[in-house]
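> This is model-v8.txt (compact mmCIF, C-alpha atoms).
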```txt
# COMPACT_ATOMS: atom_id res chain seq x y z
CA MET T 231 -49.50 -172.60 -61.48
CA MET T 232 -52.02 -170.50 -59.53
CA THR T 233 -50.80 -168.26 -56.74
CA ASN T 234 -52.97 -167.58 -53.70
CA PHE T 235 -52.83 -163.98 -52.61
CA PRO T 236 -53.77 -162.83 -49.13
CA ASP T 237 -57.25 -161.41 -48.74
CA ILE T 238 -57.46 -157.71 -49.32
CA PRO T 239 -59.35 -156.14 -46.44
CA THR T 240 -62.59 -154.51 -47.51
CA GLU T 241 -63.18 -152.81 -44.18
CA PRO T 242 -60.92 -150.15 -42.70
CA GLU T 243 -58.86 -151.33 -39.76
CA ASN T 244 -60.45 -148.70 -37.54
CA LYS T 245 -63.87 -147.33 -38.36
CA LEU T 246 -63.08 -144.09 -36.50
CA ILE T 247 -60.35 -141.68 -37.57
CA ILE T 248 -59.83 -138.70 -35.26
CA ASN T 249 -57.98 -135.51 -36.16
CA ASN T 250 -57.78 -132.59 -33.76
CA GLU T 251 -56.83 -129.51 -35.76
CA SER T 252 -58.49 -127.11 -33.30
CA GLY T 253 -55.63 -126.53 -30.88
CA GLU T 254 -58.15 -127.24 -28.09
CA SER T 255 -58.16 -130.09 -25.62
CA VAL T 256 -60.93 -132.62 -26.32
CA PRO T 257 -62.20 -134.30 -23.12
CA VAL T 258 -63.36 -137.63 -24.57
CA GLU T 259 -61.72 -141.02 -25.00
CA GLU T 260 -61.68 -142.90 -28.29
CA GLN T 261 -63.24 -145.93 -26.53
CA GLU T 262 -66.30 -143.83 -25.61
CA LEU T 263 -66.69 -142.66 -29.20
CA LEU T 264 -66.37 -146.21 -30.52
CA LYS T 265 -69.01 -147.38 -28.03
CA LEU T 266 -71.35 -144.60 -29.23
CA ILE T 267 -70.83 -145.81 -32.79
CA GLU T 268 -71.79 -149.32 -31.68
CA ILE T 269 -74.88 -148.09 -29.79
CA THR T 270 -76.02 -145.99 -32.75
CA GLU T 271 -75.50 -148.87 -35.19
CA LYS T 272 -77.60 -151.19 -33.03
CA ASN T 273 -80.43 -148.74 -32.41
CA GLU T 274 -80.58 -147.27 -35.91
CA ASP T 275 -80.04 -150.62 -37.67
CA VAL T 276 -77.15 -149.19 -39.71
CA ARG T 277 -73.49 -150.02 -40.16
CA PHE T 278 -70.73 -147.43 -40.14
CA LYS T 279 -67.78 -148.29 -42.35
CA GLU T 280 -65.60 -145.25 -41.68
CA ILE T 281 -66.21 -142.09 -39.69
CA GLU T 282 -63.69 -139.27 -39.79
CA LEU T 283 -64.01 -136.99 -36.78
CA VAL T 284 -62.24 -133.67 -37.31
CA TYR T 285 -62.08 -131.09 -34.53
CA VAL T 286 -61.58 -127.61 -35.98
CA ASP T 287 -61.49 -124.03 -34.74
CA GLU T 288 -64.13 -121.35 -35.31
CA ASP T 289 -62.51 -119.92 -38.46
CA GLU T 290 -62.43 -123.34 -40.11
CA ILE T 291 -66.03 -124.25 -39.24
CA VAL T 292 -67.20 -120.91 -40.67
CA ARG T 293 -65.16 -121.55 -43.84
CA ILE T 294 -66.66 -125.04 -44.26
CA ASN T 295 -70.15 -123.76 -43.49
CA HIS T 296 -69.79 -120.99 -46.08
CA GLU T 297 -68.12 -123.07 -48.79
CA PHE T 298 -70.39 -126.11 -48.66
CA LEU T 299 -73.66 -124.88 -47.12
CA ASP T 300 -73.63 -121.18 -48.11
CA ARG T 301 -74.02 -120.14 -44.46
CA ASP T 302 -71.88 -117.57 -42.66
CA TYR T 303 -71.87 -118.49 -38.99
CA ILE T 304 -70.23 -120.65 -36.35
CA THR T 305 -71.89 -123.98 -35.64
CA ASP T 306 -70.95 -126.92 -33.44
CA ILE T 307 -70.98 -129.62 -36.14
CA ILE T 308 -71.24 -130.09 -39.87
CA THR T 309 -71.84 -133.62 -41.13
CA PHE T 310 -71.03 -134.97 -44.59
CA ARG T 311 -72.07 -138.43 -45.75
CA TYR T 312 -70.09 -139.92 -48.65
CA ASP T 313 -71.32 -143.46 -49.26
CA GLU T 314 -73.82 -144.15 -51.99
CA ASP T 315 -75.17 -147.61 -51.27
CA ASP T 316 -76.86 -147.19 -47.86
CA GLN T 317 -75.14 -150.44 -46.81
CA ALA T 318 -72.13 -149.12 -44.94
CA ILE T 319 -72.06 -145.47 -43.96
CA GLU T 320 -69.00 -143.33 -44.55
CA GLY T 321 -68.81 -139.72 -43.47
CA THR T 322 -66.93 -136.85 -41.91
CA LEU T 323 -67.99 -134.95 -38.82
CA TYR T 324 -66.43 -131.48 -38.57
CA CYS T 325 -66.79 -130.41 -34.93
CA CYS T 326 -65.93 -126.94 -33.69
CA ALA T 327 -64.16 -127.65 -30.39
CA PRO T 328 -64.30 -124.05 -29.05
CA ARG T 329 -68.03 -123.82 -29.82
CA ILE T 330 -68.74 -127.15 -28.12
CA SER T 331 -66.86 -125.97 -25.02
CA GLU T 332 -68.91 -122.74 -25.00
CA GLN T 333 -72.14 -124.74 -25.33
CA SER T 334 -71.26 -126.84 -22.31
CA VAL T 335 -71.21 -123.63 -20.25
CA GLU T 336 -74.40 -122.29 -21.88
CA PHE T 337 -76.27 -125.56 -21.24
CA ASN T 338 -74.74 -125.99 -17.77
CA ASP T 339 -73.35 -129.38 -18.76
CA ASP T 340 -69.86 -130.79 -18.34
CA PRO T 341 -67.63 -130.48 -21.45
CA LYS T 342 -67.23 -134.24 -21.85
CA THR T 343 -70.98 -134.80 -22.09
CA GLU T 344 -71.37 -131.97 -24.60
CA PHE T 345 -68.55 -133.33 -26.80
CA LEU T 346 -70.17 -136.78 -26.70
CA ARG T 347 -73.61 -135.29 -27.45
CA VAL T 348 -72.34 -133.43 -30.52
CA PHE T 349 -70.58 -136.58 -31.77
CA VAL T 350 -73.69 -138.76 -31.41
CA HIS T 351 -75.75 -135.96 -33.00
CA GLY T 352 -73.53 -136.30 -36.08
CA LEU T 353 -73.88 -140.08 -36.07
CA ILE T 354 -77.66 -139.76 -35.94
CA HIS T 355 -77.52 -137.40 -38.93
CA LEU T 356 -75.37 -139.95 -40.81
CA ALA T 357 -77.99 -142.60 -39.97
CA GLY T 358 -80.57 -140.53 -41.85
CA HIS T 359 -82.25 -138.25 -39.32
CA ASP T 360 -82.73 -134.53 -39.84
CA ASP T 361 -83.41 -131.65 -37.47
CA GLN T 362 -84.98 -128.96 -39.65
CA THR T 363 -88.31 -128.76 -37.79
CA PRO T 364 -89.06 -128.48 -34.06
CA LYS T 365 -90.49 -132.03 -34.11
CA GLU T 366 -87.36 -133.42 -35.79
CA LYS T 367 -85.12 -131.53 -33.34
CA LYS T 368 -86.99 -133.04 -30.40
CA GLN T 369 -86.73 -136.54 -31.90
CA MET T 370 -82.98 -136.10 -32.37
CA THR T 371 -82.51 -134.75 -28.84
CA ASP T 372 -84.46 -137.72 -27.47
CA LEU T 373 -82.22 -140.12 -29.44
CA GLU T 374 -79.10 -138.32 -28.21
CA ASP T 375 -80.29 -138.68 -24.61
CA GLN T 376 -81.14 -142.36 -25.15
CA TYR T 377 -77.75 -143.19 -26.68
CA LEU T 378 -75.79 -141.18 -24.10
CA ASN T 379 -77.66 -142.99 -21.32
CA ALA T 380 -76.84 -146.33 -22.96
CA LEU T 381 -73.18 -145.25 -23.07
CA LYS T 382 -73.18 -144.40 -19.36
CA GLN T 383 -74.73 -147.77 -18.51
CA SER T 384 -72.16 -149.64 -20.61
CA MET T 385 -69.02 -148.01 -19.23
```
Re-express the file's structure as structure tokens.

Amino acid sequence: MMTNFPDIPTEPENKLIINNESGESVPVEEQELLKLIEITEKNEDVRFKEIELVYVDEDEIVRINHEFLDRDYITDIITFRYDEDDQAIEGTLYCCAPRISEQSVEFNDDPKTEFLRVFVHGLIHLAGHDDQTPKEKKQMTDLEDQYLNALKQSM
């Protein structure tokens, strides 16, 4: 006699996993981040399977930067992509919460917008964009602005 087993889910229950290890307050809502994932998927014609968003402090971002990228400085985000098939993107975004807060002051922007900008910046990297040249940086900034504007219009 054949037994029917329940389907095993192939997709994670939640495509966004958030861990705040920074000790800092993060001024964004999960719903906003999920909407940015949706906007990025639509505009980049990609699908995100699982995104781990980890907020860390300055010491941890420097450690990650040094260990994996051989760089010795504080940065706002480090993005790692893990999938191999280009079908469903999996990755981790390490975001330095204190640095993002500082940037909001430097750029005269509210902290919430800067946290959202850094998150969507990481998503755009996961979608395949780079920012090594001035032209690439401008293209990424333009995409960030476009996706943040779409978020504002949708909320």
> Any chance you could tabulate, as a Markdown table, the residues of segment 327-357 of chain T at most 9 Å from segment 298-315 of chain T with each one's nearest atom pair and distance in Å to one decimal, using all atoms listed in the file, in chain and rising number order?

```
| residue | atom | partner | partner_atom | distance |
| --- | --- | --- | --- | --- |
| T:Ala327 | CA | T:Asp306 | CA | 7.5 |
| T:Pro328 | CA | T:Asp306 | CA | 8.5 |
| T:Arg329 | CA | T:Asp306 | CA | 5.6 |
| T:Ile330 | CA | T:Asp306 | CA | 5.8 |
| T:Gln333 | CA | T:Asp306 | CA | 8.5 |
| T:Val348 | CA | T:Ile307 | CA | 6.9 |
| T:Phe349 | CA | T:Ile307 | CA | 8.2 |
| T:His351 | CA | T:Ile307 | CA | 8.5 |
| T:Gly352 | CA | T:Thr309 | CA | 6.0 |
| T:Leu353 | CA | T:Thr309 | CA | 8.5 |
| T:His355 | CA | T:Thr309 | CA | 7.2 |
| T:Leu356 | CA | T:Arg311 | CA | 6.1 |
```
> What does the structure give for the distance between atom CA of Leu263 of chain T and atom CA of Ala318 of chain T, in Å to one decimal?
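Pair atom CA of Leu263 of chain T / atom CA of Ala318 of chain T returns 17.9 Å.
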> What separation in Å, quoted to one decimal, exists between atom CA of Ser334 of chain T and atom CA of Ile319 of chain T?
28.6 Å
> Would you please work out which residue, of T:Ile354, T:Ile294, T:Gln362, T:Thr371, is nearest to Thr270 of chain T when using all atoms listed in the file?
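Smallest distance to Thr270 of chain T is found for T:Ile354.
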> Rounded to one decimal in Å, what is the spacing between atom CA of Glu290 of chain T and atom CA of Asn249 of chain T?
13.5 Å
> Might you pull out every residue within 8 Å of Pro257 of chain T, with all atoms listed in the file counted and same-chain residues fewer than 6 positions away left off, and present them as a list in words?
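So the residues in contact are Pro341, Lys342 and Phe345 of chain T.
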> Contacts between segment 277-289 of chain T and segment 315-356 of chain T, please, where a residue of segment 315-356 of chain T counts if it comes within 6 Å (with only C-alpha atoms); show its shortest atom pair and distance in Å to one decimal, rows by chain and ascending number, as CSV.

```
residue,atom,partner,partner_atom,distance
T:Ala318,CA,T:Arg277,CA,5.1
T:Ile319,CA,T:Phe278,CA,4.5
T:Glu320,CA,T:Glu280,CA,4.8
T:Gly321,CA,T:Ile281,CA,5.2
T:Thr322,CA,T:Glu282,CA,4.6
T:Leu323,CA,T:Leu283,CA,4.9
T:Tyr324,CA,T:Val284,CA,4.9
T:Cys325,CA,T:Tyr285,CA,4.8
T:Cys326,CA,T:Val286,CA,5.0
T:Ala327,CA,T:Tyr285,CA,5.8
```
> When you count all atoms listed in the file, which of these residues is closest to Glu271 of chain T: T:Gly358, T:Gln369, T:Lys382, T:Asp375?
T:Gly358
> Would you save segment 237-356 of chain T to a file, keeping C-alpha atoms, as a PDB file, in the first residue's frame?

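Result file selection04.pdb:
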```pdb
ATOM      1  CA  ASP T 237       4.285  18.140   0.358  1.00  0.00           C
ATOM      2  CA  ILE T 238       7.632  19.299   1.610  1.00  0.00           C
ATOM      3  CA  PRO T 239       7.857  23.046   1.167  1.00  0.00           C
ATOM      4  CA  THR T 240      10.592  24.086  -1.234  1.00  0.00           C
ATOM      5  CA  GLU T 241      10.354  27.770  -0.383  1.00  0.00           C
ATOM      6  CA  PRO T 242      11.116  29.237   3.026  1.00  0.00           C
ATOM      7  CA  GLU T 243       8.063  30.376   4.939  1.00  0.00           C
ATOM      8  CA  ASN T 244       9.417  33.912   5.080  1.00  0.00           C
ATOM      9  CA  LYS T 245      11.860  35.121   2.458  1.00  0.00           C
ATOM     10  CA  LEU T 246      13.276  37.704   4.888  1.00  0.00           C
ATOM     11  CA  ILE T 247      15.066  36.780   8.102  1.00  0.00           C
ATOM     12  CA  ILE T 248      16.105  39.735  10.276  1.00  0.00           C
ATOM     13  CA  ASN T 249      18.669  39.620  13.069  1.00  0.00           C
ATOM     14  CA  ASN T 250      19.699  42.740  14.952  1.00  0.00           C
ATOM     15  CA  GLU T 251      22.996  42.017  16.683  1.00  0.00           C
ATOM     16  CA  SER T 252      24.056  45.675  16.709  1.00  0.00           C
ATOM     17  CA  GLY T 253      22.490  46.822  19.962  1.00  0.00           C
ATOM     18  CA  GLU T 254      21.095  49.789  17.991  1.00  0.00           C
ATOM     19  CA  SER T 255      17.495  50.639  17.276  1.00  0.00           C
ATOM     20  CA  VAL T 256      16.552  50.056  13.627  1.00  0.00           C
ATOM     21  CA  PRO T 257      13.835  52.479  12.425  1.00  0.00           C
ATOM     22  CA  VAL T 258      12.223  50.336   9.714  1.00  0.00           C
ATOM     23  CA  GLU T 259       9.293  47.940   9.662  1.00  0.00           C
ATOM     24  CA  GLU T 260       9.504  44.430   8.256  1.00  0.00           C
ATOM     25  CA  GLN T 261       6.546  45.208   5.951  1.00  0.00           C
ATOM     26  CA  GLU T 262       8.549  48.012   4.305  1.00  0.00           C
ATOM     27  CA  LEU T 263      11.495  45.694   3.740  1.00  0.00           C
ATOM     28  CA  LEU T 264       9.256  42.996   2.265  1.00  0.00           C
ATOM     29  CA  LYS T 265       7.685  45.570  -0.059  1.00  0.00           C
ATOM     30  CA  LEU T 266      11.172  46.643  -1.211  1.00  0.00           C
ATOM     31  CA  ILE T 267      11.952  43.002  -1.968  1.00  0.00           C
ATOM     32  CA  GLU T 268       8.786  42.815  -4.068  1.00  0.00           C
ATOM     33  CA  ILE T 269       9.590  46.073  -5.906  1.00  0.00           C
ATOM     34  CA  THR T 270      13.147  44.941  -6.627  1.00  0.00           C
ATOM     35  CA  GLU T 271      11.985  41.533  -7.860  1.00  0.00           C
ATOM     36  CA  LYS T 272       9.526  43.146 -10.261  1.00  0.00           C
ATOM     37  CA  ASN T 273      11.906  45.771 -11.623  1.00  0.00           C
ATOM     38  CA  GLU T 274      14.996  43.554 -11.833  1.00  0.00           C
ATOM     39  CA  ASP T 275      13.087  40.497 -13.107  1.00  0.00           C
ATOM     40  CA  VAL T 276      14.558  38.311 -10.357  1.00  0.00           C
ATOM     41  CA  ARG T 277      13.174  36.192  -7.546  1.00  0.00           C
ATOM     42  CA  PHE T 278      14.526  36.234  -4.016  1.00  0.00           C
ATOM     43  CA  LYS T 279      14.228  32.927  -2.198  1.00  0.00           C
ATOM     44  CA  GLU T 280      15.758  33.915   1.137  1.00  0.00           C
ATOM     45  CA  ILE T 281      17.403  37.104   2.323  1.00  0.00           C
ATOM     46  CA  GLU T 282      19.063  37.237   5.714  1.00  0.00           C
ATOM     47  CA  LEU T 283      19.392  40.793   6.982  1.00  0.00           C
ATOM     48  CA  VAL T 284      21.878  41.069   9.836  1.00  0.00           C
ATOM     49  CA  TYR T 285      22.443  44.373  11.612  1.00  0.00           C
ATOM     50  CA  VAL T 286      25.882  44.448  13.227  1.00  0.00           C
ATOM     51  CA  ASP T 287      28.095  46.928  15.057  1.00  0.00           C
ATOM     52  CA  GLU T 288      31.247  48.591  13.733  1.00  0.00           C
ATOM     53  CA  ASP T 289      33.649  45.973  15.139  1.00  0.00           C
ATOM     54  CA  GLU T 290      31.743  43.148  13.447  1.00  0.00           C
ATOM     55  CA  ILE T 291      31.489  44.864  10.051  1.00  0.00           C
ATOM     56  CA  VAL T 292      35.248  45.533  10.133  1.00  0.00           C
ATOM     57  CA  ARG T 293      35.880  41.871  11.038  1.00  0.00           C
ATOM     58  CA  ILE T 294      33.684  40.637   8.160  1.00  0.00           C
ATOM     59  CA  ASN T 295      35.222  43.152   5.760  1.00  0.00           C
ATOM     60  CA  HIS T 296      38.736  42.034   6.721  1.00  0.00           C
ATOM     61  CA  GLU T 297      38.058  38.289   6.795  1.00  0.00           C
ATOM     62  CA  PHE T 298      36.139  38.001   3.540  1.00  0.00           C
ATOM     63  CA  LEU T 299      37.167  41.033   1.461  1.00  0.00           C
ATOM     64  CA  ASP T 300      40.663  41.756   2.837  1.00  0.00           C
ATOM     65  CA  ARG T 301      39.668  45.346   3.659  1.00  0.00           C
ATOM     66  CA  ASP T 302      40.224  47.078   6.985  1.00  0.00           C
ATOM     67  CA  TYR T 303      37.535  49.718   7.346  1.00  0.00           C
ATOM     68  CA  ILE T 304      33.956  50.360   8.415  1.00  0.00           C
ATOM     69  CA  THR T 305      31.337  50.196   5.685  1.00  0.00           C
ATOM     70  CA  ASP T 306      27.555  50.417   5.725  1.00  0.00           C
ATOM     71  CA  ILE T 307      26.815  47.075   4.024  1.00  0.00           C
ATOM     72  CA  ILE T 308      28.488  43.896   2.861  1.00  0.00           C
ATOM     73  CA  THR T 309      26.471  41.621   0.598  1.00  0.00           C
ATOM     74  CA  PHE T 310      27.001  37.889   0.063  1.00  0.00           C
ATOM     75  CA  ARG T 311      25.109  35.884  -2.545  1.00  0.00           C
ATOM     76  CA  TYR T 312      24.925  32.115  -1.993  1.00  0.00           C
ATOM     77  CA  ASP T 313      22.714  30.603  -4.683  1.00  0.00           C
ATOM     78  CA  GLU T 314      24.269  29.020  -7.731  1.00  0.00           C
ATOM     79  CA  ASP T 315      21.451  28.692 -10.229  1.00  0.00           C
ATOM     80  CA  ASP T 316      20.419  32.318 -10.878  1.00  0.00           C
ATOM     81  CA  GLN T 317      16.802  31.167 -10.507  1.00  0.00           C
ATOM     82  CA  ALA T 318      16.081  32.108  -6.911  1.00  0.00           C
ATOM     83  CA  ILE T 319      18.478  34.415  -5.130  1.00  0.00           C
ATOM     84  CA  GLU T 320      19.713  33.653  -1.633  1.00  0.00           C
ATOM     85  CA  GLY T 321      22.002  35.979   0.263  1.00  0.00           C
ATOM     86  CA  THR T 322      22.993  37.742   3.431  1.00  0.00           C
ATOM     87  CA  LEU T 323      23.161  41.496   3.911  1.00  0.00           C
ATOM     88  CA  TYR T 324      25.411  42.553   6.795  1.00  0.00           C
ATOM     89  CA  CYS T 325      24.438  46.130   7.651  1.00  0.00           C
ATOM     90  CA  CYS T 326      26.347  48.279  10.112  1.00  0.00           C
ATOM     91  CA  ALA T 327      23.565  50.022  12.035  1.00  0.00           C
ATOM     92  CA  PRO T 328      25.791  52.680  13.689  1.00  0.00           C
ATOM     93  CA  ARG T 329      27.362  53.572  10.322  1.00  0.00           C
ATOM     94  CA  ILE T 330      23.966  53.851   8.636  1.00  0.00           C
ATOM     95  CA  SER T 331      22.777  56.179  11.421  1.00  0.00           C
ATOM     96  CA  GLU T 332      25.905  58.330  10.955  1.00  0.00           C
ATOM     97  CA  GLN T 333      25.315  58.464   7.192  1.00  0.00           C
ATOM     98  CA  SER T 334      21.794  59.736   7.693  1.00  0.00           C
ATOM     99  CA  VAL T 335      23.269  62.753   9.494  1.00  0.00           C
ATOM    100  CA  GLU T 336      26.053  63.197   6.908  1.00  0.00           C
ATOM    101  CA  PHE T 337      23.571  63.067   4.007  1.00  0.00           C
ATOM    102  CA  ASN T 338      20.978  65.161   5.866  1.00  0.00           C
ATOM    103  CA  ASP T 339      18.410  62.393   5.486  1.00  0.00           C
ATOM    104  CA  ASP T 340      16.134  60.820   8.062  1.00  0.00           C
ATOM    105  CA  PRO T 341      17.449  57.531   9.550  1.00  0.00           C
ATOM    106  CA  LYS T 342      14.519  55.477   8.254  1.00  0.00           C
ATOM    107  CA  THR T 343      15.188  56.486   4.647  1.00  0.00           C
ATOM    108  CA  GLU T 344      18.902  55.740   4.993  1.00  0.00           C
ATOM    109  CA  PHE T 345      18.239  52.284   6.479  1.00  0.00           C
ATOM    110  CA  LEU T 346      15.820  51.543   3.621  1.00  0.00           C
ATOM    111  CA  ARG T 347      18.320  52.867   1.051  1.00  0.00           C
ATOM    112  CA  VAL T 348      21.116  50.631   2.341  1.00  0.00           C
ATOM    113  CA  PHE T 349      18.784  47.609   2.328  1.00  0.00           C
ATOM    114  CA  VAL T 350      17.652  48.188  -1.264  1.00  0.00           C
ATOM    115  CA  HIS T 351      21.287  48.832  -2.230  1.00  0.00           C
ATOM    116  CA  GLY T 352      22.074  45.307  -1.018  1.00  0.00           C
ATOM    117  CA  LEU T 353      19.112  43.864  -2.915  1.00  0.00           C
ATOM    118  CA  ILE T 354      20.294  45.558  -6.103  1.00  0.00           C
ATOM    119  CA  HIS T 355      23.746  44.017  -5.582  1.00  0.00           C
ATOM    120  CA  LEU T 356      22.127  40.590  -5.122  1.00  0.00           C
TER     121      LEU T 356
END
```
